[in-house]
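A.B. asks: Got a structure here, written out as C-alpha cells. Questions coming.
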Amino acid sequence: MAHLLLTSANRVSARFAFIFTLSLSCTYLCYNILFYGGTVMTNRGYEGKRCPSSKNAGGKKLLGKLGHCASQDVGSAAQRGSGDLRDQSKPPDSPGTHWTDGNLKNMTVAQKYGNKKLPNALIVGVKKGGTRAVLEFIRIHPDVRALGTEPHFFDRNYDRGLDWYRGLMPRTLDSQITLEKTPSYFVTREAPRRISRMSHETKLIVVVRNPVTRAISDYTQTLSKKPGIPTFEELVFKNRSLGVVDTSWNAIRIGMYIVHLENWLQYFRLSQMHFVSGERLITDPAGEMGRVQDFLGLKRIITDKHFYFNRTKGFPCLKKPESSSQPRCLGKSKGRTHVQIEQDVIEQLQEFYRPFNVRFYETVGQDFKWE
Ligand SMILES: Nc1ncnc2c1ncn2[C@@H]1O[C@H](COP(=O)(O)OS(=O)(=O)O)[C@@H](OP(=O)(O)O)[C@H]1O
C-alpha cells in the first residue's frame, strides 16, 4: 500500500516537473521571439555598422575622423559624402544629398544588399589637380559608390592588407562601381605595382592641371597649415641666380607628370588610364564628367543640368536637388586664393616644365595647353 502511494506521488511530481519545464521553455521561446526577433531579422542591415577587427584605420585624413570604430566612421563618411561639401549638417543619405530617385534607391538597396568590394576604379592623382571635385561629381551617378575619405592604402597603409582595405569600402551592388581617391598614389613608386597586383583591370583616373598653378596651390595649402615656412621663391630654386629648380621639393616634383606616368606605364596600358583636365573641369564640368562616365563604362547621367556656376565661390557647384534647400559647393580648402608669386619666377617655372609637359602630351595623346 505504502509502495503504491509512493509510486503515485512520484508520478505526480514527475508530471509537475514536465509541465513546469515545458512552460519555462515556452516562456523563453516567446521572450526570444518578442525581444530578439527584430535584431535577428535586421542583422543584414546592421552589418555595415559593425566594427571590423582592425582597430585603427590609419591614414592621416582617415585618422582624423576615427572614433573607436574605424570602419563605421569610414563607411559612414563614404555614404555621407566628403567632409569637403558645405552641407555637412545633412544626415547621411538623406534625400537632399542625392539626385535622382534611381540614385537614392540604388544607394539604399546597396547598403542593404550590397557587398564590400575592392575598388574597380581609382582616382590616383594628382594632388591639387581637382580630385575632390571629380569624386564628388561622379558619385552622384547611381551606379557609383565611393569612399569619401582618402584611405592611402597603396602608399601608407599597404601592410594592413587587402581585407582591411576592402573593409573600408561602401557596400556595392554587382552592377555598381566601387571608387576611391588618394592623390598621392600618382607619385608613389610602389603604387602601380601594388595596384596591378590587386587587379590588372583597375581603371585609373588622373586629374592633371598646369604644373605651375598646381605647385602654387600646393604651397598655398602648406602655408595655411604652417605659416612660418620660407617663401615659394626661396623654396623653388636650388640656385636662384643660375635658375636651377629644386626638383627634390615635392611641390615641384609632383608636376613632372611624365616622370611618374612612365612608372605607371610599366604596369598598366594607357587605355586603362583616363586624364581629366583640371582646367576644363572648372570651365566645362559636364563635358569632363561626360568623358569620365564614358571611360568608366557608365551611362551619361551626369550632365550640365547638374551644375551651375557659383559666382561667390568662383567655381562650378552641384545644383540643388529638388528635395533639398541647399546647393552643394566644395569646401573652403578647394578654390583658395593663391599666394602672389613673382612673375619672373612663374615664367622660369613654365620654362622648366615645358619639356616635361611636351613629353606628357605626346605620351597621352592630348594637348592640355598649359603653355
Ligand atoms: N568645382 C570646384 N570647386 C572647387 N575647387 C575645384 C572645383 N573644380 C576644380 N577645383 C580645383 O580643385 C583644387 C583642389 O584639388 P584637389 O581636390 O585635388 O586637392 S587635394 O589634393 O585633394 O587636396 C582646387 O585648387 P585651388 O584652387 O588651388 O584651391 C580647385 O582649383
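Starting from 1 in every chain, residues are counted up; chains themselves are A, B, ... following the order of the C-alpha cells, and ligands are numbered from 1 as listed.
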Distance limit 8 Å, reference ligand 1, atoms considered: only C-alpha atoms and all ligand atoms. Which residues make the cut? Give them as a compact mmCIF listing (two decimals) with N, CA and C atoms, in the first residue's frame.
C.D. replies:
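So selection-v9.txt came out as:
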# COMPACT_ATOMS: atom_id res chain seq x y z
N GLY A 125 45.39 60.64 -58.74
CA GLY A 125 46.12 61.91 -58.64
C GLY A 125 45.46 62.94 -59.54
N VAL A 126 46.16 64.10 -59.61
CA VAL A 126 47.30 64.49 -58.84
C VAL A 126 46.85 65.40 -57.70
N LYS A 127 47.68 65.48 -56.69
CA LYS A 127 47.37 66.37 -55.58
C LYS A 127 47.12 67.79 -56.12
N LYS A 128 46.03 68.39 -55.68
CA LYS A 128 45.63 69.75 -56.07
C LYS A 128 45.20 69.88 -57.54
N GLY A 129 44.93 68.73 -58.15
CA GLY A 129 44.52 68.75 -59.56
C GLY A 129 43.04 69.02 -59.73
N GLY A 130 42.25 68.67 -58.68
CA GLY A 130 40.78 68.76 -58.78
C GLY A 130 40.17 67.39 -58.48
N THR A 131 40.90 66.59 -57.75
CA THR A 131 40.48 65.19 -57.48
C THR A 131 39.20 65.14 -56.65
N ARG A 132 39.05 66.05 -55.71
CA ARG A 132 37.85 66.04 -54.87
C ARG A 132 36.62 66.35 -55.71
N ALA A 133 36.77 67.32 -56.60
CA ALA A 133 35.63 67.70 -57.46
C ALA A 133 35.20 66.49 -58.30
N VAL A 134 36.17 65.78 -58.89
CA VAL A 134 35.81 64.62 -59.72
C VAL A 134 35.10 63.57 -58.88
N THR A 182 42.90 58.77 -53.79
CA THR A 182 44.04 59.15 -52.96
C THR A 182 45.08 59.77 -53.90
N PRO A 183 45.19 61.11 -53.92
CA PRO A 183 46.01 61.76 -54.95
C PRO A 183 47.50 61.43 -54.86
N SER A 184 47.97 61.02 -53.70
CA SER A 184 49.42 60.74 -53.58
C SER A 184 49.83 59.45 -54.29
N VAL A 207 43.71 63.38 -62.56
CA VAL A 207 43.28 64.76 -62.82
C VAL A 207 44.54 65.62 -62.85
N THR A 213 50.65 76.21 -61.69
CA THR A 213 49.50 76.56 -60.83
C THR A 213 49.34 75.51 -59.73
N ARG A 214 49.55 74.26 -60.11
CA ARG A 214 49.42 73.18 -59.13
C ARG A 214 50.42 73.36 -57.98
N ILE A 216 51.80 76.15 -56.97
CA ILE A 216 51.42 77.32 -56.16
C ILE A 216 50.24 76.94 -55.24
N SER A 217 49.33 76.16 -55.77
CA SER A 217 48.18 75.71 -54.97
C SER A 217 48.67 74.83 -53.81
N ASP A 218 49.60 73.95 -54.11
CA ASP A 218 50.18 73.05 -53.10
C ASP A 218 50.87 73.87 -51.99
N THR A 220 50.34 77.03 -51.27
CA THR A 220 49.33 77.82 -50.55
C THR A 220 48.70 76.98 -49.44
N GLN A 221 48.44 75.72 -49.77
CA GLN A 221 47.86 74.83 -48.76
C GLN A 221 48.83 74.60 -47.59
N GLY A 278 42.21 69.44 -65.30
CA GLY A 278 41.78 70.21 -64.13
C GLY A 278 41.21 71.56 -64.53
N GLU A 279 41.72 72.13 -65.65
CA GLU A 279 41.23 73.44 -66.12
C GLU A 279 39.82 73.29 -66.69
N LEU A 281 37.74 71.02 -66.11
CA LEU A 281 36.83 70.60 -65.05
C LEU A 281 36.13 71.81 -64.42
N ILE A 282 36.81 72.95 -64.47
CA ILE A 282 36.23 74.19 -63.93
C ILE A 282 35.39 74.91 -65.00
N PRO A 285 32.51 71.47 -66.50
CA PRO A 285 32.46 70.25 -65.67
C PRO A 285 31.65 69.12 -66.31
N LYS A 313 31.72 81.70 -55.06
CA LYS A 313 32.79 80.71 -54.91
C LYS A 313 33.78 80.82 -56.07
N GLY A 314 33.26 81.19 -57.24
CA GLY A 314 34.11 81.27 -58.43
C GLY A 314 34.35 79.92 -59.06
N PHE A 315 33.50 78.96 -58.75
CA PHE A 315 33.65 77.59 -59.26
C PHE A 315 32.28 76.99 -59.56
N PRO A 316 32.29 75.94 -60.39
CA PRO A 316 31.01 75.24 -60.57
C PRO A 316 30.64 74.47 -59.31
N CYS A 317 29.37 74.42 -59.03
CA CYS A 317 28.87 73.67 -57.88
C CYS A 317 27.75 72.77 -58.37
N CYS A 329 28.54 73.23 -52.97
CA CYS A 329 29.85 73.61 -53.47
C CYS A 329 30.89 72.85 -52.66
N LEU A 330 32.11 72.75 -53.18
CA LEU A 330 33.16 72.15 -52.38
C LEU A 330 33.54 73.12 -51.26
N GLY A 331 34.23 72.61 -50.26
CA GLY A 331 34.53 73.41 -49.07
C GLY A 331 35.60 74.49 -49.28
N SER A 333 38.66 74.75 -48.46
CA SER A 333 40.03 74.38 -48.84
C SER A 333 40.15 74.10 -50.34
N LYS A 334 39.03 74.17 -51.05
CA LYS A 334 39.05 73.97 -52.50
C LYS A 334 38.68 75.29 -53.16
N GLY A 335 39.64 75.82 -53.90
CA GLY A 335 39.40 77.10 -54.55
C GLY A 335 39.88 78.25 -53.68
N ARG A 336 41.02 78.04 -53.04
CA ARG A 336 41.60 79.10 -52.21
C ARG A 336 42.20 80.20 -53.10
N THR A 337 42.33 81.40 -52.50
CA THR A 337 43.08 82.46 -53.19
C THR A 337 44.56 82.12 -53.05
N HIS A 338 45.26 82.10 -54.18
CA HIS A 338 46.67 81.70 -54.14
C HIS A 338 47.59 82.82 -53.65
A.B. asks: Find the spatial neighbours of region 158-171 of chain A, counting only C-alpha atoms, within a cut-off of 6 Å - ignore same-chain residues fewer than 5 positions away - and output them as number ranges by chain.
C.D. replies: A: 71, 75, 110-111, 114-118, 147, 153
A.B. asks: Take the residues just selected and output them with C-alpha atoms as a PDB file, in the first residue's frame.
C.D. replies:
ATOM      1  CA  SER A  71      35.192  51.120 -40.437  1.00  0.00           C
ATOM      2  CA  GLY A  75      31.849  53.772 -44.108  1.00  0.00           C
ATOM      3  CA  ALA A 110      23.286  48.772 -51.953  1.00  0.00           C
ATOM      4  CA  GLN A 111      23.543  49.475 -48.241  1.00  0.00           C
ATOM      5  CA  GLY A 114      25.381  45.059 -51.431  1.00  0.00           C
ATOM      6  CA  ASN A 115      28.810  43.738 -50.575  1.00  0.00           C
ATOM      7  CA  LYS A 116      32.072  45.413 -49.762  1.00  0.00           C
ATOM      8  CA  LYS A 117      34.311  45.038 -52.778  1.00  0.00           C
ATOM      9  CA  LEU A 118      37.794  46.116 -53.727  1.00  0.00           C
ATOM     10  CA  LEU A 147      34.686  56.125 -50.329  1.00  0.00           C
ATOM     11  CA  PHE A 153      46.211  52.145 -48.847  1.00  0.00           C
TER      12      PHE A 153
END
A.B. asks: Between CA of Ala286 (chain A) and CA of Val109 (chain A), what is the spacing in Å?
C.D. replies: 27.1 Å
A.B. asks: Interatomic distance between CA of Ser271 (chain A) and CA of Arg291 (chain A)?
C.D. replies: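 Computing the Euclidean distance for CA of Ser271 (chain A) and CA of Arg291 (chain A) yields 13.3 Å.
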A.B. asks: Where in region 77-277 of chain A does DSSP assign strand (DSSP E), given as a PyMOL selection string?
C.D. replies: chain A and resi 115-116+121-125+144-146+171-172+177-181+203-208+237-239+244-245+273-277
A.B. asks: Rank nothing, just name the residue among A:Leu261, A:Val208, A:Leu122, A:Ile138 nearest to Thr188 (chain A), using only C-alpha atoms.
C.D. replies: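 Ranking A:Leu261, A:Val208, A:Leu122, A:Ile138 by distance to Thr188 (chain A), first place goes to A:Leu261.
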A.B. asks: Please determine, counting only C-alpha atoms, which residue among A:Arg194, A:Arg139, A:Arg269, A:Lys181 has the shortest atom-to-atom distance to Asp155 (chain A).
C.D. replies: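 Smallest distance to Asp155 (chain A) is found for A:Arg194.
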A.B. asks: Which is closer to Thr202 (chain A) than all the others in A:Lys238, A:Arg300, A:Arg156, A:His274, using only C-alpha atoms?
C.D. replies: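 Selected residue with least distance to Thr202 (chain A): A:His274.
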A.B. asks: Could you tell me how far CA of Leu298 (chain A) lies from CA of Val187 (chain A), in Å and to one decimal?
C.D. replies: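 That distance, rounded to one decimal, is 27.6 Å.
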A.B. asks: Which neighbours of Pro327 (chain A) fall inside 7 Å, counting only C-alpha atoms, when residues of the same chain fewer than 3 positions from it are skipped, and could you give them as an MDAnalysis selection string?
C.D. replies: chainID A and resid 318:320
A.B. asks: Could you write those residues out with C-alpha atoms, as a PDB file, in the first residue's frame?
C.D. replies:
ATOM      1  CA  LEU A 318      26.267  70.937 -57.903  1.00  0.00           C
ATOM      2  CA  LYS A 319      22.749  72.243 -58.344  1.00  0.00           C
ATOM      3  CA  LYS A 320      20.387  71.636 -55.508  1.00  0.00           C
TER       4      LYS A 320
END
A.B. asks: For Pro355 (chain A), list every protein, DNA or RNA residue within 12 Å, evaluated using only C-alpha atoms, and leave out those in the same chain fewer than 3 positions away; present the list as a PyMOL selection string.
C.D. replies: chain A and resi 255-259+349-352+358-362+370-371
